[in-house]
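Everything below belongs to target39.tsv, which stores TSV, C-alpha atoms.
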```tsv
chain	number	residue	atom	x	y	z
V	232	MET	CA	6.73	-23.92	10.28
V	233	LEU	CA	4.38	-24.33	7.34
V	234	ASP	CA	5.79	-25.80	4.18
V	235	LYS	CA	2.65	-26.95	2.44
V	236	ILE	CA	-0.39	-27.89	4.48
V	237	LYS	CA	-3.80	-28.75	3.17
V	238	ASN	CA	-6.80	-28.07	5.35
V	239	ARG	CA	-10.52	-28.15	4.97
V	240	CYS	CA	-12.44	-25.03	5.88
V	241	LYS	CA	-14.86	-25.77	8.70
V	242	ALA	CA	-17.92	-24.01	7.29
V	243	THR	CA	-17.74	-25.06	3.62
V	244	THR	CA	-16.65	-27.71	1.16
V	245	LEU	CA	-13.53	-25.69	0.30
V	246	HIS	CA	-10.05	-26.67	1.29
V	247	TYR	CA	-6.86	-24.63	1.14
V	248	SER	CA	-3.12	-25.02	0.74
V	249	PHE	CA	-0.44	-22.87	2.40
V	250	PHE	CA	2.94	-22.03	0.91
V	251	ASN	CA	5.99	-20.31	2.40
V	252	SER	CA	7.20	-19.08	-0.98
V	253	ILE	CA	5.35	-17.81	-4.04
V	254	ASP	CA	7.81	-19.84	-6.13
V	255	ASP	CA	6.24	-23.02	-4.71
V	256	VAL	CA	2.66	-22.06	-5.59
V	257	PRO	CA	1.34	-23.82	-8.72
V	258	SER	CA	1.41	-21.15	-11.40
V	259	TYR	CA	-1.78	-22.24	-13.13
V	260	ASP	CA	-3.76	-22.24	-9.88
V	261	TRP	CA	-2.51	-18.78	-8.96
V	262	THR	CA	-2.89	-17.10	-12.34
V	263	SER	CA	-6.33	-18.62	-12.98
V	264	ILE	CA	-7.61	-16.44	-10.12
V	265	ASN	CA	-5.45	-13.44	-11.00
V	266	TYR	CA	-6.63	-13.60	-14.61
V	267	LYS	CA	-6.96	-9.81	-14.73
V	268	LYS	CA	-3.22	-9.67	-14.05
V	269	ASN	CA	-3.30	-7.36	-11.04
V	270	LEU	CA	0.38	-6.44	-10.84
V	271	PHE	CA	0.50	-6.76	-7.04
V	272	PHE	CA	-0.68	-10.38	-7.29
V	273	THR	CA	1.71	-11.43	-10.07
V	274	LYS	CA	4.26	-14.05	-9.15
V	275	ASP	CA	7.05	-11.87	-10.56
V	276	TYR	CA	6.22	-8.98	-8.24
V	277	LEU	CA	5.66	-11.15	-5.17
V	278	SER	CA	8.81	-13.17	-5.78
V	279	THR	CA	10.87	-9.99	-6.04
V	280	LEU	CA	9.41	-8.58	-2.83
V	281	GLU	CA	9.82	-11.87	-0.99
V	282	HIS	CA	13.44	-12.47	-2.00
V	283	SER	CA	14.43	-8.88	-1.22
V	284	LEU	CA	12.82	-8.76	2.22
V	285	SER	CA	12.84	-12.33	3.52
V	286	LYS	CA	15.35	-11.47	6.26
V	287	SER	CA	12.88	-9.16	7.99
V	288	ILE	CA	9.46	-10.39	6.84
V	289	SER	CA	7.96	-13.87	6.53
V	290	PHE	CA	5.61	-14.43	3.60
V	291	ARG	CA	2.71	-16.88	3.43
V	292	TYR	CA	0.42	-17.62	0.47
V	293	ILE	CA	-2.93	-19.37	0.40
V	294	VAL	CA	-4.79	-21.07	-2.46
V	295	PHE	CA	-8.42	-22.09	-1.91
V	296	TYR	CA	-9.90	-25.04	-3.77
V	297	GLU	CA	-13.19	-26.81	-4.34
V	298	LYS	CA	-12.08	-30.34	-5.21
V	299	ASN	CA	-9.16	-29.50	-7.55
V	300	GLU	CA	-10.47	-26.19	-8.85
V	301	PRO	CA	-8.80	-23.03	-7.46
V	302	LEU	CA	-11.38	-20.52	-6.21
V	303	GLY	CA	-9.31	-17.98	-4.32
V	304	ILE	CA	-5.82	-16.75	-3.44
V	305	ALA	CA	-4.43	-14.69	-0.56
V	306	VAL	CA	-1.13	-12.94	0.16
V	307	THR	CA	0.01	-12.49	3.76
V	308	GLN	CA	3.05	-11.22	5.62
V	309	LEU	CA	4.17	-11.90	9.16
V	310	ILE	CA	5.88	-8.91	10.72
V	311	ARG	CA	7.21	-7.89	14.10
V	312	PHE	CA	7.51	-4.32	15.30
V	313	ASN	CA	8.04	-2.49	18.56
V	314	THR	CA	5.31	-0.12	19.66
V	315	GLU	CA	7.98	2.49	20.40
V	316	ASP	CA	8.23	2.87	16.60
V	317	LEU	CA	4.72	4.33	16.55
V	318	LYS	CA	4.67	8.14	16.73
V	319	PHE	CA	1.32	8.57	18.45
V	320	HIS	CA	1.42	12.36	18.26
V	321	GLU	CA	1.43	12.03	14.46
V	322	PHE	CA	-0.53	8.77	14.17
V	323	PRO	CA	-2.80	8.54	11.11
V	324	CYS	CA	-5.71	7.68	13.37
V	325	LYS	CA	-6.54	9.51	16.57
V	326	ILE	CA	-5.87	7.18	19.46
V	327	SER	CA	-6.75	8.10	23.03
V	328	ASP	CA	-4.17	8.27	25.78
V	329	THR	CA	-6.00	5.39	27.48
V	330	ILE	CA	-5.25	3.07	24.58
V	331	LYS	CA	-1.64	4.21	24.33
V	332	ASN	CA	-0.93	3.86	28.02
V	333	THR	CA	-2.84	0.64	28.60
V	334	PHE	CA	-2.36	-1.42	25.47
V	335	MET	CA	0.52	0.13	23.55
V	336	LYS	CA	3.38	0.36	26.00
V	337	SER	CA	6.82	-0.53	24.72
V	338	MET	CA	6.55	-4.10	23.51
V	339	ASP	CA	7.16	-6.29	20.51
V	340	VAL	CA	4.01	-7.03	18.53
V	341	ARG	CA	3.73	-9.74	15.89
V	342	VAL	CA	1.06	-9.21	13.25
V	343	LEU	CA	-0.29	-11.34	10.42
V	344	ILE	CA	-1.26	-9.03	7.56
V	345	CYS	CA	-3.46	-10.06	4.67
V	346	GLY	CA	-2.66	-7.42	2.12
V	347	ASN	CA	0.42	-5.59	0.93
V	348	LEU	CA	2.48	-3.87	3.59
V	349	PHE	CA	4.07	-1.61	0.96
V	350	SER	CA	1.07	-0.56	-1.09
V	351	CYS	CA	-2.40	0.84	-0.37
V	352	GLY	CA	-5.40	-1.01	-1.72
V	353	GLU	CA	-6.93	-4.44	-2.17
V	354	HIS	CA	-3.79	-6.47	-2.75
V	355	GLY	CA	-4.36	-9.31	-0.27
V	356	PHE	CA	-7.31	-11.43	-1.36
V	357	LEU	CA	-8.88	-12.43	-4.66
V	358	TYR	CA	-11.68	-14.94	-5.18
V	359	SER	CA	-13.70	-16.39	-8.03
V	360	ASP	CA	-17.22	-15.25	-8.79
V	361	LYS	CA	-18.19	-18.92	-8.46
V	362	ILE	CA	-18.39	-18.39	-4.70
V	363	SER	CA	-20.17	-15.68	-2.72
V	364	ALA	CA	-18.40	-12.94	-0.79
V	365	LYS	CA	-19.78	-14.42	2.42
V	366	GLU	CA	-18.29	-17.83	1.66
V	367	ALA	CA	-15.02	-16.31	0.46
V	368	PHE	CA	-14.42	-14.30	3.62
V	369	GLU	CA	-15.49	-17.20	5.85
V	370	ASN	CA	-12.80	-19.31	4.24
V	371	LEU	CA	-10.23	-16.53	4.45
V	372	SER	CA	-10.86	-16.13	8.17
V	373	GLU	CA	-10.44	-19.86	8.81
V	374	ALA	CA	-7.22	-20.00	6.79
V	375	LEU	CA	-5.71	-16.96	8.50
V	376	LYS	CA	-6.47	-18.43	11.92
V	377	GLU	CA	-4.78	-21.67	10.83
V	378	ILE	CA	-1.66	-19.79	9.73
V	379	ARG	CA	-1.59	-18.03	13.08
V	380	LYS	CA	-1.81	-21.32	14.99
V	381	SER	CA	0.97	-22.86	12.90
V	382	GLU	CA	3.45	-20.31	14.26
V	383	GLY	CA	3.35	-22.01	17.66
V	384	SER	CA	4.71	-20.01	20.58
V	385	ASP	CA	5.66	-17.18	18.22
V	386	LYS	CA	2.16	-16.83	16.78
V	387	PRO	CA	1.01	-13.30	15.94
V	388	SER	CA	-1.21	-11.39	18.36
V	389	PHE	CA	-3.25	-9.68	15.64
V	390	ILE	CA	-4.64	-10.51	12.22
V	391	LEU	CA	-5.10	-7.48	9.97
V	392	LEU	CA	-6.85	-7.18	6.60
V	393	LYS	CA	-5.83	-4.10	4.62
V	394	GLU	CA	-7.19	-1.96	2.79
V	395	PHE	CA	-10.54	-1.96	1.02
V	396	TRP	CA	-12.06	0.62	-1.32
V	397	PRO	CA	-15.64	1.85	-0.78
V	398	THR	CA	-16.87	-0.15	-3.77
V	399	SER	CA	-15.88	-3.33	-1.91
V	400	PHE	CA	-17.30	-2.55	1.54
V	401	ASN	CA	-20.47	-4.61	0.94
V	402	GLN	CA	-18.32	-7.64	0.23
V	403	SER	CA	-15.49	-7.13	2.72
V	404	ASP	CA	-17.90	-6.42	5.59
V	405	HIS	CA	-18.69	-10.15	5.63
V	406	ILE	CA	-15.43	-10.63	7.53
V	407	LYS	CA	-17.10	-8.93	10.50
V	408	ASN	CA	-19.18	-12.10	10.93
V	409	GLN	CA	-15.86	-13.79	11.78
V	410	LYS	CA	-15.27	-11.48	14.79
V	411	PHE	CA	-13.13	-9.00	12.89
V	412	ARG	CA	-13.55	-5.34	13.84
V	413	GLU	CA	-13.62	-2.69	11.14
V	414	PHE	CA	-11.98	0.70	11.34
V	415	SER	CA	-11.19	3.49	8.93
V	416	ILE	CA	-7.78	4.99	8.36
V	417	ASP	CA	-6.61	8.17	6.69
V	418	VAL	CA	-8.09	8.69	3.26
V	419	ASN	CA	-6.31	7.77	0.04
V	420	MET	CA	-5.90	10.82	-2.18
V	421	VAL	CA	-6.95	9.95	-5.75
V	422	LEU	CA	-6.98	12.10	-8.88
V	423	GLN	CA	-9.54	11.12	-11.52
V	424	LEU	CA	-8.06	11.97	-14.91
V	425	GLN	CA	-10.28	13.60	-17.51
V	426	SER	CA	-10.59	12.27	-21.04
V	427	ASN	CA	-9.60	15.64	-22.54
V	428	TRP	CA	-6.26	15.75	-20.71
V	429	ASN	CA	-4.02	14.63	-23.55
V	430	THR	CA	-1.05	16.68	-22.31
V	431	PHE	CA	0.07	18.29	-19.08
V	432	ASP	CA	-0.86	21.68	-20.60
V	433	ASP	CA	-4.45	20.42	-20.99
V	434	TYR	CA	-4.43	19.60	-17.27
V	435	LEU	CA	-3.11	23.07	-16.40
V	436	ALA	CA	-5.71	24.71	-18.64
V	437	SER	CA	-8.51	23.04	-16.63
V	438	MET	CA	-7.31	24.72	-13.41
V	439	LYS	CA	-8.43	27.92	-11.78
V	440	THR	CA	-6.01	30.78	-12.32
V	441	LYS	CA	-4.76	30.66	-8.72
V	442	PHE	CA	-3.75	27.00	-8.93
V	443	ARG	CA	-2.36	27.25	-12.45
V	444	THR	CA	-0.17	30.13	-11.27
V	445	ARG	CA	0.90	28.04	-8.31
V	446	ALA	CA	1.93	25.17	-10.59
V	447	LYS	CA	3.96	27.45	-12.84
V	448	LYS	CA	5.68	28.89	-9.76
V	449	VAL	CA	6.65	25.37	-8.65
V	450	PHE	CA	8.21	24.61	-12.03
V	451	LYS	CA	10.06	27.93	-11.94
V	452	LYS	CA	11.46	27.28	-8.45
V	453	SER	CA	12.48	23.76	-9.46
V	454	SER	CA	13.90	24.75	-12.85
V	455	GLN	CA	17.43	23.80	-11.80
V	456	ILE	CA	16.27	20.31	-10.88
V	457	VAL	CA	17.03	17.68	-13.52
V	458	VAL	CA	14.66	14.71	-13.56
V	459	LYS	CA	15.82	11.36	-14.95
V	460	ASN	CA	14.30	7.89	-15.21
V	461	LEU	CA	16.81	5.50	-13.67
V	462	ASN	CA	17.51	2.00	-14.98
V	463	ILE	CA	18.95	-0.94	-13.06
V	464	ASP	CA	22.57	0.17	-13.41
V	465	ASP	CA	21.70	3.73	-12.36
V	466	ILE	CA	19.97	2.50	-9.20
V	467	ASP	CA	23.05	0.41	-8.42
V	468	GLU	CA	25.27	3.45	-8.89
V	469	TYR	CA	23.26	5.64	-6.53
V	470	LYS	CA	22.21	2.96	-4.05
V	471	ASN	CA	23.82	4.63	-1.02
V	472	GLU	CA	22.24	8.01	-1.77
V	473	ILE	CA	18.88	6.33	-2.41
V	474	ASP	CA	18.95	4.58	0.96
V	475	THR	CA	19.85	7.85	2.71
V	476	LEU	CA	17.05	9.79	1.02
V	477	TYR	CA	14.51	7.05	1.71
V	478	LEU	CA	15.44	6.90	5.38
V	479	SER	CA	15.11	10.69	5.68
V	480	VAL	CA	11.44	10.35	4.67
V	481	LEU	CA	10.91	7.23	6.76
V	482	GLU	CA	12.14	9.05	9.87
V	483	LYS	CA	9.27	11.52	9.44
V	484	ALA	CA	6.71	8.76	8.94
V	485	ASP	CA	3.93	8.23	11.46
V	486	PHE	CA	5.02	4.67	11.98
V	487	LYS	CA	7.79	2.46	10.65
V	488	ILE	CA	6.66	-1.10	10.02
V	489	GLY	CA	8.79	-2.70	7.34
V	490	LYS	CA	11.00	-0.76	4.97
V	491	LEU	CA	12.37	-1.12	1.49
V	492	ASN	CA	15.82	-0.18	0.21
V	493	ALA	CA	17.72	0.49	-3.01
V	494	LEU	CA	18.18	-3.24	-3.57
V	495	THR	CA	14.42	-3.76	-3.50
V	496	PHE	CA	13.88	-0.92	-5.97
V	497	ARG	CA	16.61	-2.31	-8.22
V	498	ASN	CA	15.05	-5.77	-8.20
V	499	LEU	CA	11.58	-4.38	-8.87
V	500	LYS	CA	12.95	-2.47	-11.86
V	501	LYS	CA	14.68	-5.59	-13.15
V	502	THR	CA	11.56	-7.73	-12.82
V	503	LEU	CA	8.76	-5.31	-13.72
V	504	LYS	CA	10.67	-3.22	-16.28
V	505	ASP	CA	8.42	-0.42	-17.61
V	506	SER	CA	5.67	-1.22	-15.10
V	507	PHE	CA	7.91	0.16	-12.34
V	508	ILE	CA	9.11	3.76	-12.67
V	509	PHE	CA	12.04	5.17	-10.70
V	510	LYS	CA	12.49	8.92	-11.20
V	511	ALA	CA	15.55	10.65	-9.78
V	512	TYR	CA	15.83	14.38	-9.01
V	513	PHE	CA	19.28	15.94	-9.38
V	514	LEU	CA	20.55	19.38	-8.37
V	515	ASN	CA	24.00	20.15	-9.77
V	516	ASP	CA	24.56	16.41	-10.28
V	517	LYS	CA	23.65	15.70	-6.64
V	518	LEU	CA	20.76	13.29	-6.05
V	519	VAL	CA	18.27	15.21	-3.88
V	520	GLY	CA	15.14	13.12	-4.33
V	521	PHE	CA	13.44	10.21	-6.01
V	522	THR	CA	9.96	8.81	-6.62
V	523	THR	CA	8.73	5.34	-7.45
V	524	SER	CA	5.45	4.33	-9.05
V	525	PHE	CA	3.67	1.38	-10.57
V	526	ILE	CA	1.92	1.53	-13.93
V	527	LEU	CA	-1.28	-0.50	-13.64
V	528	ASP	CA	-3.94	-1.17	-16.26
V	529	ASN	CA	-6.15	1.75	-15.27
V	530	ALA	CA	-4.08	3.65	-12.73
V	531	VAL	CA	-0.69	4.98	-11.77
V	532	GLU	CA	0.05	4.21	-8.14
V	533	ALA	CA	2.53	6.55	-6.50
V	534	ASN	CA	4.68	4.58	-4.11
V	535	HIS	CA	7.79	5.37	-2.09
V	536	ILE	CA	9.75	8.60	-2.27
V	537	GLY	CA	13.00	10.01	-0.93
V	538	ILE	CA	13.84	13.68	-0.33
V	539	ASP	CA	16.78	15.68	0.92
V	540	TYR	CA	14.76	18.11	3.03
V	541	THR	CA	17.65	20.59	3.00
V	542	TYR	CA	16.59	21.55	-0.52
V	543	ASN	CA	12.86	20.83	-0.37
V	544	THR	CA	11.52	24.30	0.49
V	545	LEU	CA	13.86	26.30	-1.72
V	546	TYR	CA	13.24	24.15	-4.80
V	547	ASP	CA	9.70	22.88	-4.11
V	548	ILE	CA	10.87	19.33	-4.70
V	549	TYR	CA	7.89	17.52	-3.19
V	550	GLN	CA	5.33	19.67	-5.00
V	551	ARG	CA	7.25	19.15	-8.25
V	552	MET	CA	7.11	15.41	-7.65
V	553	LEU	CA	3.32	15.56	-7.40
V	554	TYR	CA	3.00	17.40	-10.72
V	555	ASP	CA	5.38	14.89	-12.31
V	556	TYR	CA	3.14	12.10	-11.06
V	557	VAL	CA	0.20	13.81	-12.80
V	558	ASP	CA	2.21	14.10	-16.01
V	559	LEU	CA	3.16	10.41	-15.81
V	560	ALA	CA	-0.51	9.44	-15.39
V	561	ILE	CA	-1.52	11.54	-18.42
V	562	ILE	CA	1.25	10.08	-20.57
V	563	ASN	CA	0.13	6.55	-19.68
V	564	LYS	CA	-3.53	7.40	-20.39
V	565	VAL	CA	-4.85	5.89	-17.16
V	566	CYS	CA	-8.07	6.74	-15.35
V	567	GLN	CA	-6.65	7.34	-11.89
V	568	LEU	CA	-3.59	8.62	-10.11
V	569	ARG	CA	-3.43	7.17	-6.60
V	570	LEU	CA	-1.27	9.38	-4.42
V	571	GLY	CA	-1.76	7.53	-1.15
V	572	ARG	CA	-2.35	8.80	2.37
V	573	THR	CA	-1.12	11.90	4.24
V	574	ALA	CA	-0.45	15.44	2.97
V	575	GLU	CA	-4.10	15.84	1.96
V	576	ILE	CA	-4.04	19.60	1.39
V	577	ILE	CA	-1.03	19.67	-0.93
V	578	LYS	CA	-2.29	16.63	-2.85
V	579	SER	CA	-5.73	18.20	-3.22
V	580	CYS	CA	-4.03	21.24	-4.75
V	581	VAL	CA	-3.06	19.06	-7.71
V	582	GLY	CA	-6.64	17.80	-7.95
V	583	ALA	CA	-6.72	14.65	-5.83
V	584	LYS	CA	-9.82	13.90	-3.77
V	585	PRO	CA	-10.13	11.87	-0.57
V	586	VAL	CA	-11.34	8.28	-0.78
V	587	GLU	CA	-12.22	6.42	2.41
V	588	MET	CA	-10.37	3.18	3.10
V	589	LYS	CA	-11.32	0.45	5.53
V	590	LEU	CA	-9.34	-2.19	7.45
V	591	TYR	CA	-10.38	-5.12	9.62
V	592	VAL	CA	-8.59	-6.51	12.66
V	593	ARG	CA	-9.02	-9.24	15.22
V	594	HIS	CA	-6.96	-10.41	18.17
V	595	GLY	CA	-5.89	-14.02	18.29
V	596	ASN	CA	-7.11	-14.38	21.86
V	597	SER	CA	-10.91	-14.44	22.14
V	598	ILE	CA	-10.94	-12.43	25.37
V	599	SER	CA	-8.55	-9.81	24.00
V	600	ASN	CA	-10.59	-9.73	20.80
V	601	LYS	CA	-13.63	-8.61	22.80
V	602	LEU	CA	-11.55	-5.73	24.13
V	603	LEU	CA	-10.83	-4.64	20.57
V	604	LYS	CA	-14.38	-3.36	20.07
V	605	PRO	CA	-14.09	-0.37	22.42
V	606	LEU	CA	-10.53	0.23	21.23
V	607	VAL	CA	-11.34	0.54	17.54
V	608	GLU	CA	-14.23	2.83	18.42
V	609	PHE	CA	-11.57	5.28	19.65
V	610	ILE	CA	-9.92	5.19	16.24
V	611	SER	CA	-10.99	7.64	13.57
V	612	PRO	CA	-9.27	9.10	10.51
V	613	SER	CA	-7.31	12.31	11.02
V	614	GLU	CA	-9.05	15.55	10.15
V	615	TYR	CA	-8.04	17.11	6.86
V	616	GLU	CA	-8.78	19.96	4.51
V	617	VAL	CA	-8.96	19.77	0.75
V	618	ARG	CA	-8.88	22.28	-2.10
V	619	ASN	CA	-10.60	22.23	-5.49
V	620	PRO	CA	-8.14	23.55	-8.09
V	621	PHE	CA	-10.34	23.08	-11.14
V	622	LYS	CA	-12.65	25.53	-12.91
V	623	LEU	CA	-15.37	22.89	-13.13
V	624	GLN	CA	-16.31	20.34	-10.48
V	625	LEU	CA	-14.76	17.16	-11.88
V	626	GLY	CA	-16.17	13.72	-11.25
```
Could you render the structure from this file as structure tokens?
Amino acid sequence: MLDKIKNRCKATTLHYSFFNSIDDVPSYDWTSINYKKNLFFTKDYLSTLEHSLSKSISFRYIVFYEKNEPLGIAVTQLIRFNTEDLKFHEFPCKISDTIKNTFMKSMDVRVLICGNLFSCGEHGFLYSDKISAKEAFENLSEALKEIRKSEGSDKPSFILLKEFWPTSFNQSDHIKNQKFREFSIDVNMVLQLQSNWNTFDDYLASMKTKFRTRAKKVFKKSSQIVVKNLNIDDIDEYKNEIDTLYLSVLEKADFKIGKLNALTFRNLKKTLKDSFIFKAYFLNDKLVGFTTSFILDNAVEANHIGIDYTYNTLYDIYQRMLYDYVDLAIINKVCQLRLGRTAEIIKSCVGAKPVEMKLYVRHGNSISNKLLKPLVEFISPSEYEVRNPFKLQLG
């Protein structure tokens, strides 16, 4: 098992160090690359995630150097899941029966992920502008292969890089030179906030009558719902209900690879304070739902939710949650609200638009990796419909 290993990348003058815990990574080296303070790369966030989930997930961290100068950092997780956990009839990418029957029979699969298993976006790899994208991704590939080898007989079958925004495709595509295969997944639904939305009423005023009426109807149906921001003690008090609500949503998920719990949410709240929001939805003092979100510099990222589906239709809980996310984004004066994948139609009704995301994968075995090419060609994002709720076409 890796503790701290230094290696020289084959193709360049860079070398890299591996760490099993973010607490062991030199703070200066790490923060000098994450100088923009991306929350998902902060040591506080990663330490909280690692300590909360270490029983089910192994974490690895990489720092790249030229001589003694840090030039890049990477966050990885080693996970194991059984392919029976994948609901292929609801899978976010269309996969042919041939793939399912031939390659995805019931079996345990170990995967090395560069990225964040619990958040969409580019939260796996950062590098200095002192090196090119080509050089950066060459080094990343070499380091990831070295981590894989270090696991010995239990080494992962696949290496996965997740997920890149369209503005980064020109850079991230360099990983394809390292025998990684690209594929697209379901779109991320993103609302671009307008500068004249100073209040939620401003947002409603920008909508077409039909969608403004719909929003008011949602608030009327959910008028008995009381929404509260929970602190650490509150999350402790309702931890059992939170776990039950979270699992009710997870059971409907397309696939279940890694899961959080009330303890994780509590620890995130303790560490991140106002950067992590936990909203609880009560009906007659009964907890019937919750949402979590991260407040970033220029965006609010909607994260995990929990719902008691017994009450969802009657009280429009999920739709109310989406409007509350919009309100939160307006209050925090950010540029974007990132609502994540799935439920494209209902998210587009609040104004979110689809943004393509891209992943890259390779198999550890060179022969199996060649077989990946025809497999990923079978994979395509699910079809979806979107609505435009605004009077004017917003950018």
Within 9 Å of region 367-385 of chain V, which residues of region 405-434 of chain V come that close, and what is the closest atom pair and distance in Å for each? Count all atoms listed in the file and give it as a tab-separated table.
```
residue	atom	partner	partner_atom	distance
V:His405	CA	V:Phe368	CA	6.3
V:Ile406	CA	V:Phe368	CA	5.5
V:Asn408	CA	V:Glu369	CA	8.1
V:Gln409	CA	V:Ser372	CA	6.6
V:Phe411	CA	V:Ser372	CA	8.8
```
Per-residue nearest contacts of region 545-575 of chain V to region 424-440 of chain V (8 Å; all atoms listed in the file) as JSON lines:
```
{"residue": "V:Val557", "atom": "CA", "partner": "V:Phe431", "partner_atom": "CA", "distance": 7.7}
{"residue": "V:Asp558", "atom": "CA", "partner": "V:Phe431", "partner_atom": "CA", "distance": 5.6}
{"residue": "V:Ala560", "atom": "CA", "partner": "V:Leu424", "partner_atom": "CA", "distance": 8.0}
{"residue": "V:Ile561", "atom": "CA", "partner": "V:Thr430", "partner_atom": "CA", "distance": 6.5}
{"residue": "V:Ile562", "atom": "CA", "partner": "V:Thr430", "partner_atom": "CA", "distance": 7.2}
{"residue": "V:Lys564", "atom": "CA", "partner": "V:Asn429", "partner_atom": "CA", "distance": 7.9}
{"residue": "V:Val565", "atom": "CA", "partner": "V:Leu424", "partner_atom": "CA", "distance": 7.2}
{"residue": "V:Cys566", "atom": "CA", "partner": "V:Leu424", "partner_atom": "CA", "distance": 5.2}
{"residue": "V:Gln567", "atom": "CA", "partner": "V:Leu424", "partner_atom": "CA", "distance": 5.7}
{"residue": "V:Leu568", "atom": "CA", "partner": "V:Leu424", "partner_atom": "CA", "distance": 7.4}
```
In the coordinate frame of the file, compute which residues have an atom within 6 Å of (-14.1, -15.5, -3.3) when using only C-alpha atoms, and state them as an MDAnalysis selection string. chainID V and resid 303 358:359 362 364 367
To one decimal place in Å, what is the distance between CA of Arg445 (chain V) and CA of Tyr540 (chain V)?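 Spanning CA of Arg445 (chain V) to CA of Tyr540 (chain V) is a straight-line distance of 20.5 Å.
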Within 12 Å of (9.9, -12.6, -7.9), only C-alpha atoms: residues as an NGL selection string? :V and (252-255 or 270-285 or 495 or 498-503)
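The closest residue to Ser403 (chain V), picked from V:Leu559, V:Tyr542, V:Met420, V:Leu357 and counting all atoms listed in the file, is V:Leu357.
Nearest to Ser454 (chain V) of all the residues V:Ala533, V:Leu545, V:Met588, V:Leu309 is V:Leu545, counting only C-alpha atoms.
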Calculate how many Å separate CA of Thr444 (chain V) from CA of Leu570 (chain V), rounding to one decimal.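 These two atoms are separated by 21.9 Å.
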Check the smallest atom-to-atom distance from each of V:Asp528, V:Arg551, V:Lys483, V:Leu491 to Val457 (chain V) using only C-alpha atoms, then report the winner.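 Closest residue, counting only C-alpha atoms: V:Arg551.
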Selection near Lys452 (chain V), 7 Å with only C-alpha atoms, sequence-local residues under 2 positions removed, as a PDB file with C-alpha atoms, keeping the file's coordinate frame:
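Below is the file that was written, result-v3.pdb:
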```
ATOM      1  CA  LYS V 448       5.680  28.890  -9.760  1.00  0.00           C
ATOM      2  CA  VAL V 449       6.650  25.370  -8.650  1.00  0.00           C
ATOM      3  CA  PHE V 450       8.210  24.610 -12.030  1.00  0.00           C
ATOM      4  CA  SER V 454      13.900  24.750 -12.850  1.00  0.00           C
ATOM      5  CA  TYR V 546      13.240  24.150  -4.800  1.00  0.00           C
ATOM      6  CA  ASP V 547       9.700  22.880  -4.110  1.00  0.00           C
TER       7      ASP V 547
END
```
Which of these residues is nearest to Leu422 (chain V), using all atoms listed in the file: V:Phe290, V:Ala530, V:Leu245, V:Lys622?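 Checking each of V:Phe290, V:Ala530, V:Leu245, V:Lys622 against Leu422 (chain V), counting all atoms listed in the file, the winner is V:Ala530.
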Within 9 Å of Ser263 (chain V), counting all atoms listed in the file, which residues qualify if same-chain residues fewer than 5 places away don't, as a PyMOL selection string? chain V and resi 258+301-302
Residues within 7 Å of region 458-472 of chain V, please, as a list in words. Count only C-alpha atoms; anything in the same chain fewer than 6 positions from it doesn't count. Ala493, Arg497, Lys500, Lys501, Phe509, Lys510, Ala511, Tyr512, Phe513 and Leu518 of chain V
Using all atoms listed in the file, find the one residue out of V:Lys393, V:Lys267, V:Lys589, V:His535 that sits nearest to Leu481 (chain V). V:His535
